[in-house]
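Reviewing the structure listed below.
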Amino acid sequence: MRTPIFFIVALLCGTAVFGAALWSGNDYIFYAGYVVLHFIVLATAWNILGGYCGYVNFGSAAFFAIGAYSTIALHKLGTNISRYFPDAIAPVAELIMPLPIPVLILIGGCIAGLVGLGTGYLTLRLRGAFFAIATLALAVVLQTLVVNWEFVGGARGAYVIAPQTLSIGNFELRYIHYLAFIMIVLVVIAITVARLIERSRLGYGFASIRDDELAAEACGVPTLRLKLIATTISGALMGMAGAPFPYYINYLDPASAFNLSYGVNSIAMPMIGGTTSWMGPLVGAIIIATLQQWMTVTFSSEWGVLFAGALLIIFVILAPKGIVGHAQDFLRRRRQQAGANR
Amino acid sequence: MDFTLLINALIAGLLLGGFYAAVTVGISVAFGILDIVNIAHPGFIILGAYIAYIVNQSFGVDPILIAVVVLPAFYALGALTYQIYYLSFERYGQEALRGLAFFFGLLFVTEVALILVFGVDYRYVQADYIDRVFRFGPFAIPMRMLIPCVLSLLMVWLLHLYLSRTFTGRAIMAVSQDQQALRLMAVDPIRIKRIAFAVSIGTAALAGAFLIIIQPVEPSVGREFIGRVFAICVLGGLQSLPGTVIAALSLGVIESITTTYAGPSWAPAVAFGVLLLTLALRPAGLLGR
């Protein structure tokens, strides 16, 4: 399927899911669905670097939080225009603030992408493990910075009160529906990007790095440049997943923005689903995040993280190809058998 | 500048650094020598700290004594972990992606399991030396820092002797250089690696006991140490235990001075700064080859 057609089909599927949720009339679906959707974006983003290139990013929480906190900073600027802007540009700021969420997503994505590029530039020239370690430490350091940054609320956290409804023309939309729809579009974009990469020269370059970096380098693959591209795209998508989050949660503190569940889930979901194709993170995220939502309601969110972590260990040991990989193997074998029997 | 404050910060930093050496030495063996990126190491340390806490609370036994007693259990745990790691990942050359994810999973499963059992309250141990302080005029040396520091350095020194004097220790150093040559000497490299990894996890039992003597512990404290241990390990030049000690003492001093002059909430960022600077300026570390 050509990419534009795939994008439209995926968007139609997403809209259909959205319509079905609206039709059910139950708002809880949107609150739980938002969480599942933003984990799909995170898992897909992680997989672009982790699954395609073979470089592990442990700092998903950091990139997610960069997106979330860029929104908070801009929200704060937008609500106190007279205080933070000089008189000359205050009317302009008045006109564009508060920024609409799609713009916030773009800004959060750009900042997170730049941080990804910077971290990658410093560490990807060295042995692979250094990048993983640096991203792990990055989460701790950014959390320290945010805790000490009073402007965005420091350790106390910050409130972002979203309006109850959003009116487009004379059409009233509940805000959570609006957020969920934006997230669906973001999921479609992330998946389309991942699928596009998978089938392009870029994707083959990534795969050559994953399979044998030395051989790839020797064959003239510009490995460092490709790795930096992957880190930037992956980080940017994670930032984009985080940008609308303050409007969803309404109160954000460093402990929840840098929550360990983001780091664990964004690795566990692609690993469980399967890392070689765009379908893996999608399947993994839908299954794990849905089960986690159920566990959060029935037990506690800790059980959800424990579940993801334990499942991650089991899958990397026993089923390294993930659900999608093993399902593909199974189907191929069945097809071969059917061919032999005929 | 207040001179007394600076000297006190230096003393506290050196004492803290000595303890960091005990925390890092396991990583220096696993990551530096064996090339196993064991990011779950802090998880094992916290586990050691909680075992010390449980036994200390129930029976009033000294935490360090407890650590010495459970050391064989940690050794066995390490051997088991390496065996799983080898059979599932290293044998297939899959350690870069799946092996890392495996250790990451271990780290968080340990942490969340401890949260579920003990909650997020801070836990501490009791021993009669913990509250005592040596004073030399305006300078103070708290015993709860001095004892872990001295014992840490002793442990690292013993480990250094083990690696440089005994046959097995030399085989461990050799396995990092040339596995094939080791095999030609009729030594099984996998067995040597298993022993080395088990030793590295064994140090975590002691480091955990030191940790809970120095400060109250809750399950997520371990994550703060990840940046620290790898920063020290890289700064020290990966394989070199003397390098690890120098790097640990330096990081302890830098952190202590940061805490004194900029506030304790900035301390966790120091390690990352040191790590990035080292990677950017001298990736081989201080005493690296």
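We name chains A, B, ... following the order of the structure tokens; residues begin at 1 in each chain, and ligands are numbered from 1 as shown.
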
Find the residues near stretch 99-106 of chain A: any atom within 12 Å, counting only C-alpha atoms, skip ones fewer than 5 places away on the same chain, and give them as a PyMOL selection string. chain A and resi 64+66-79+93-94+111-113+162+166+175+178-183+185-186+236-248

Export of the given selection (N, CA and C atoms) as a short mmCIF file (atom, residue, chain, number, x, y, z; two decimals), in the first residue's frame:
```
data_model
loop_
_atom_site.label_atom_id
_atom_site.label_comp_id
_atom_site.auth_asym_id
_atom_site.auth_seq_id
_atom_site.Cartn_x
_atom_site.Cartn_y
_atom_site.Cartn_z
N PHE A 64 9.41 12.39 27.06
CA PHE A 64 7.99 12.62 27.30
C PHE A 64 7.80 13.87 28.16
N ILE A 66 9.87 16.34 28.59
CA ILE A 66 10.25 17.56 27.88
C ILE A 66 9.03 18.12 27.15
N GLY A 67 8.30 17.24 26.46
CA GLY A 67 7.09 17.68 25.78
C GLY A 67 6.09 18.27 26.75
N ALA A 68 5.86 17.55 27.85
CA ALA A 68 4.86 17.98 28.83
C ALA A 68 5.25 19.32 29.45
N TYR A 69 6.53 19.47 29.81
CA TYR A 69 6.93 20.70 30.48
C TYR A 69 7.08 21.87 29.52
N SER A 70 7.32 21.61 28.24
CA SER A 70 7.32 22.75 27.31
C SER A 70 5.90 23.30 27.23
N THR A 71 4.90 22.41 27.27
CA THR A 71 3.51 22.88 27.29
C THR A 71 3.23 23.70 28.53
N ILE A 72 3.70 23.22 29.68
CA ILE A 72 3.44 23.94 30.92
C ILE A 72 4.08 25.33 30.90
N ALA A 73 5.34 25.39 30.42
CA ALA A 73 6.02 26.68 30.35
C ALA A 73 5.26 27.63 29.44
N LEU A 74 4.82 27.13 28.28
CA LEU A 74 4.10 28.01 27.35
C LEU A 74 2.74 28.40 27.91
N HIS A 75 2.11 27.48 28.63
CA HIS A 75 0.82 27.79 29.24
C HIS A 75 0.97 28.91 30.26
N LYS A 76 2.05 28.79 31.06
CA LYS A 76 2.30 29.80 32.09
C LYS A 76 2.56 31.16 31.44
N LEU A 77 3.37 31.17 30.37
CA LEU A 77 3.62 32.41 29.63
C LEU A 77 2.30 32.97 29.11
N GLY A 78 1.45 32.09 28.60
CA GLY A 78 0.21 32.53 27.99
C GLY A 78 -0.78 33.11 28.97
N THR A 79 -0.75 32.63 30.23
CA THR A 79 -1.74 33.11 31.19
C THR A 79 -1.26 34.37 31.92
N ALA A 93 1.24 38.62 21.47
CA ALA A 93 1.16 37.44 22.32
C ALA A 93 -0.29 37.18 22.73
N GLU A 94 -0.99 38.30 23.02
CA GLU A 94 -2.40 38.19 23.40
C GLU A 94 -3.20 37.48 22.31
N ILE A 111 11.67 20.49 20.59
CA ILE A 111 12.62 20.57 21.70
C ILE A 111 13.13 19.17 22.04
N ALA A 112 12.20 18.21 22.15
CA ALA A 112 12.62 16.84 22.50
C ALA A 112 13.54 16.27 21.43
N GLY A 113 13.23 16.58 20.16
CA GLY A 113 14.09 16.10 19.07
C GLY A 113 15.49 16.66 19.19
N ALA A 162 -7.76 22.88 31.93
CA ALA A 162 -8.28 22.86 30.58
C ALA A 162 -9.75 23.28 30.61
N LEU A 166 -14.78 22.78 23.96
CA LEU A 166 -14.09 23.54 22.93
C LEU A 166 -15.11 23.80 21.83
N TYR A 175 -13.84 18.59 25.92
CA TYR A 175 -12.40 18.73 25.76
C TYR A 175 -11.70 17.38 25.71
N TYR A 178 -11.84 16.03 22.36
CA TYR A 178 -10.88 16.74 21.51
C TYR A 178 -9.47 16.17 21.71
N LEU A 179 -9.07 16.00 23.00
CA LEU A 179 -7.73 15.46 23.29
C LEU A 179 -7.57 14.06 22.71
N ALA A 180 -8.60 13.22 22.90
CA ALA A 180 -8.51 11.85 22.40
C ALA A 180 -8.39 11.85 20.89
N PHE A 181 -9.11 12.76 20.22
CA PHE A 181 -9.04 12.78 18.76
C PHE A 181 -7.65 13.21 18.30
N ILE A 182 -7.09 14.23 18.98
CA ILE A 182 -5.73 14.66 18.64
C ILE A 182 -4.75 13.51 18.81
N MET A 183 -4.95 12.74 19.88
CA MET A 183 -4.06 11.61 20.13
C MET A 183 -4.19 10.56 19.04
N VAL A 185 -4.95 11.12 15.92
CA VAL A 185 -4.22 11.64 14.75
C VAL A 185 -2.72 11.44 14.94
N LEU A 186 -2.25 11.71 16.19
CA LEU A 186 -0.83 11.56 16.48
C LEU A 186 -0.39 10.10 16.31
N ALA A 236 11.66 13.23 19.09
CA ALA A 236 10.63 14.20 18.74
C ALA A 236 9.24 13.60 18.92
N LEU A 237 9.06 12.35 18.47
CA LEU A 237 7.73 11.73 18.61
C LEU A 237 7.37 11.55 20.09
N MET A 238 8.39 11.21 20.93
CA MET A 238 8.11 11.06 22.36
C MET A 238 7.69 12.40 22.96
N GLY A 239 8.39 13.48 22.56
CA GLY A 239 8.01 14.81 23.03
C GLY A 239 6.61 15.17 22.59
N MET A 240 6.26 14.78 21.36
CA MET A 240 4.92 15.07 20.85
C MET A 240 3.87 14.31 21.66
N ALA A 241 4.21 13.10 22.10
CA ALA A 241 3.25 12.35 22.91
C ALA A 241 3.05 13.03 24.26
N GLY A 242 4.09 13.72 24.75
CA GLY A 242 3.99 14.34 26.07
C GLY A 242 3.32 15.70 26.06
N ALA A 243 3.39 16.41 24.93
CA ALA A 243 2.92 17.79 24.91
C ALA A 243 1.46 17.99 25.34
N PRO A 244 0.50 17.17 24.89
CA PRO A 244 -0.88 17.42 25.33
C PRO A 244 -1.16 16.91 26.75
N PHE A 245 -0.20 16.19 27.33
CA PHE A 245 -0.46 15.50 28.61
C PHE A 245 -0.93 16.43 29.73
N PRO A 246 -0.31 17.63 29.93
CA PRO A 246 -0.78 18.50 31.02
C PRO A 246 -2.27 18.84 30.90
N TYR A 247 -2.78 18.98 29.65
CA TYR A 247 -4.19 19.30 29.47
C TYR A 247 -5.07 18.12 29.84
N TYR A 248 -4.50 16.92 29.72
CA TYR A 248 -5.26 15.73 30.07
C TYR A 248 -5.29 15.55 31.59
#
```

Please identify all residues of chain B having at least one atom at most 10 Å from any atom of chain A, considering only C-alpha atoms, and return them as JSON, numbers by chain. {"B": [31, 35, 36, 37, 39, 84, 85, 87, 88, 89, 94, 96, 97, 98, 99, 100, 101, 102, 103, 104, 105, 106, 107, 108, 109, 110, 111, 112, 113, 115, 116, 220, 223, 224, 225, 226, 227, 228, 230, 231, 234, 263, 265, 266, 267, 268, 269, 270, 271, 272, 273, 275, 276, 277, 279, 280, 281, 283]}

For the selection just defined, write its residues with C-alpha atoms to a file, as a short mmCIF file (atom, residue, chain, number, x, y, z; two decimals), in the first residue's frame.
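Written file, again03.cif:
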```cif
data_model
loop_
_atom_site.label_atom_id
_atom_site.label_comp_id
_atom_site.auth_asym_id
_atom_site.auth_seq_id
_atom_site.Cartn_x
_atom_site.Cartn_y
_atom_site.Cartn_z
CA PHE B 31 30.69 -3.60 32.73
CA ASP B 35 31.37 -5.95 29.07
CA ILE B 36 28.00 -6.84 30.60
CA VAL B 37 25.92 -3.68 30.94
CA ILE B 39 22.09 -1.66 34.87
CA ILE B 84 20.35 -16.90 32.26
CA TYR B 85 22.00 -13.94 30.56
CA LEU B 87 22.05 -18.83 27.68
CA SER B 88 19.43 -16.37 26.47
CA PHE B 89 21.43 -13.48 25.03
CA GLN B 94 21.82 -10.50 21.39
CA ALA B 96 23.03 -5.18 22.93
CA LEU B 97 19.25 -4.94 22.74
CA ARG B 98 17.60 -7.83 24.56
CA GLY B 99 20.26 -8.21 27.24
CA LEU B 100 19.92 -4.55 28.16
CA ALA B 101 16.14 -4.83 28.21
CA PHE B 102 16.48 -7.89 30.44
CA PHE B 103 18.53 -6.04 33.06
CA PHE B 104 16.25 -3.03 32.79
CA GLY B 105 13.29 -5.30 33.49
CA LEU B 106 15.13 -6.85 36.45
CA LEU B 107 15.86 -3.39 37.90
CA PHE B 108 12.25 -2.31 37.80
CA VAL B 109 10.77 -5.61 38.86
CA THR B 110 13.01 -5.49 41.97
CA GLU B 111 12.04 -1.91 42.66
CA VAL B 112 8.30 -2.34 42.19
CA ALA B 113 8.25 -5.62 44.11
CA ILE B 115 7.44 -1.01 46.81
CA LEU B 116 4.56 -3.48 46.88
CA SER B 220 13.51 3.98 44.17
CA ARG B 223 17.78 4.76 40.30
CA GLU B 224 19.76 7.74 41.62
CA PHE B 225 22.81 5.51 41.71
CA ILE B 226 22.66 4.45 38.06
CA GLY B 227 24.03 7.74 36.77
CA ARG B 228 26.55 7.83 39.58
CA PHE B 230 28.36 4.57 35.44
CA ALA B 231 29.84 8.06 35.68
CA VAL B 234 33.65 5.55 32.92
CA GLY B 263 21.70 22.79 47.71
CA SER B 265 18.43 19.06 45.21
CA TRP B 266 21.18 19.67 42.63
CA ALA B 267 23.38 16.71 43.65
CA PRO B 268 21.83 14.09 41.30
CA ALA B 269 22.69 16.24 38.26
CA VAL B 270 26.42 16.28 39.08
CA ALA B 271 26.99 12.67 38.06
CA PHE B 272 25.42 13.16 34.67
CA GLY B 273 27.47 16.26 34.04
CA LEU B 275 29.56 11.42 32.71
CA LEU B 276 28.83 13.60 29.67
CA LEU B 277 32.03 15.62 30.12
CA LEU B 279 32.44 10.92 27.29
CA ALA B 280 32.96 14.12 25.35
CA LEU B 281 36.53 14.92 26.46
CA PRO B 283 36.16 8.55 26.81
#
```

Atomic distance atom CA of A:Gly14 - atom CA of A:Val187, expressed in Å with one decimal: 8.7 Å

Near-A:Tyr251 list (8 Å; only C-alpha atoms; drop same-chain fewer than 6 positions) as a PyMOL selection string: chain A and resi 157-161

Tell me, as a ChimeraX atom specification, which residues lie within 10 Å of stretch 236-243 of chain B, counting only C-alpha atoms; anything in the same chain fewer than 2 positions away does not count. /B:21,24-25,27-35,156-157,159-160,163,173,176,230-234,245-250,278,282-289

Out of A:Thr298, A:Ser24, A:Thr275, A:Gln336, which residue has the shortest atom-to-atom distance to A:Ala319 when counting only C-alpha atoms?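 The closest residue to A:Ala319 is A:Thr275.
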
Pick from A:Asn80, A:Gly118, A:Phe258, A:Met1 nearest to A:Phe151, counting only C-alpha atoms: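 Result for the nearest residue to A:Phe151: A:Asn80.
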
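Pairwise distance (atom CA of B:Leu161, atom CA of B:Ile192) equals 16.8 Å.
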
If you run DSSP over the backbone, which residues in stretch 14-243 of chain A end up helix (DSSP H, G or I)? Put them as number ranges by chain. A: 14-24, 28-53, 60-79, 81-84, 90-96, 101-123, 128-147, 150-152, 154-156, 175-198, 201-211, 213-218, 223-242

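You will find atom CA of A:Ile5 at 14.9 Å from atom CA of A:Ala194.
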
Do you know which residues are at most 9 Å from B:Phe74 counting only C-alpha atoms, after dropping those on the same chain fewer than 5 positions away, and could you put them as JSON, numbers by chain? {"B": [44, 48, 79, 198, 199, 201, 202, 203, 204, 205]}

Please provide the set of residues having any atom within 6 Å of stretch 146-151 of chain B, restricted to only C-alpha atoms, with same-chain residues fewer than 6 positions apart removed, written as a PDB file with N, CA and C atoms, in the first residue's frame.
```pdb
ATOM      1  N   LEU B  15      34.462  10.811  52.400  1.00  0.00           N
ATOM      2  CA  LEU B  15      33.806   9.669  53.040  1.00  0.00           C
ATOM      3  C   LEU B  15      32.742   9.089  52.112  1.00  0.00           C
ATOM      4  N   GLY B  18      34.342   7.172  49.225  1.00  0.00           N
ATOM      5  CA  GLY B  18      34.777   5.830  49.592  1.00  0.00           C
ATOM      6  C   GLY B  18      33.636   4.838  49.474  1.00  0.00           C
ATOM      7  N   PHE B  19      32.456   5.275  49.919  1.00  0.00           N
ATOM      8  CA  PHE B  19      31.281   4.410  49.806  1.00  0.00           C
ATOM      9  C   PHE B  19      30.901   4.204  48.340  1.00  0.00           C
ATOM     10  N   PHE B 210      26.165  -1.013  53.540  1.00  0.00           N
ATOM     11  CA  PHE B 210      26.782   0.311  53.737  1.00  0.00           C
ATOM     12  C   PHE B 210      25.763   1.410  53.467  1.00  0.00           C
TER      13      PHE B 210
END
```

Best match for closeness to A:Ser60 among A:Pro86, A:Gly116, A:Gly339, A:Gly284, counting only C-alpha atoms: A:Gly116
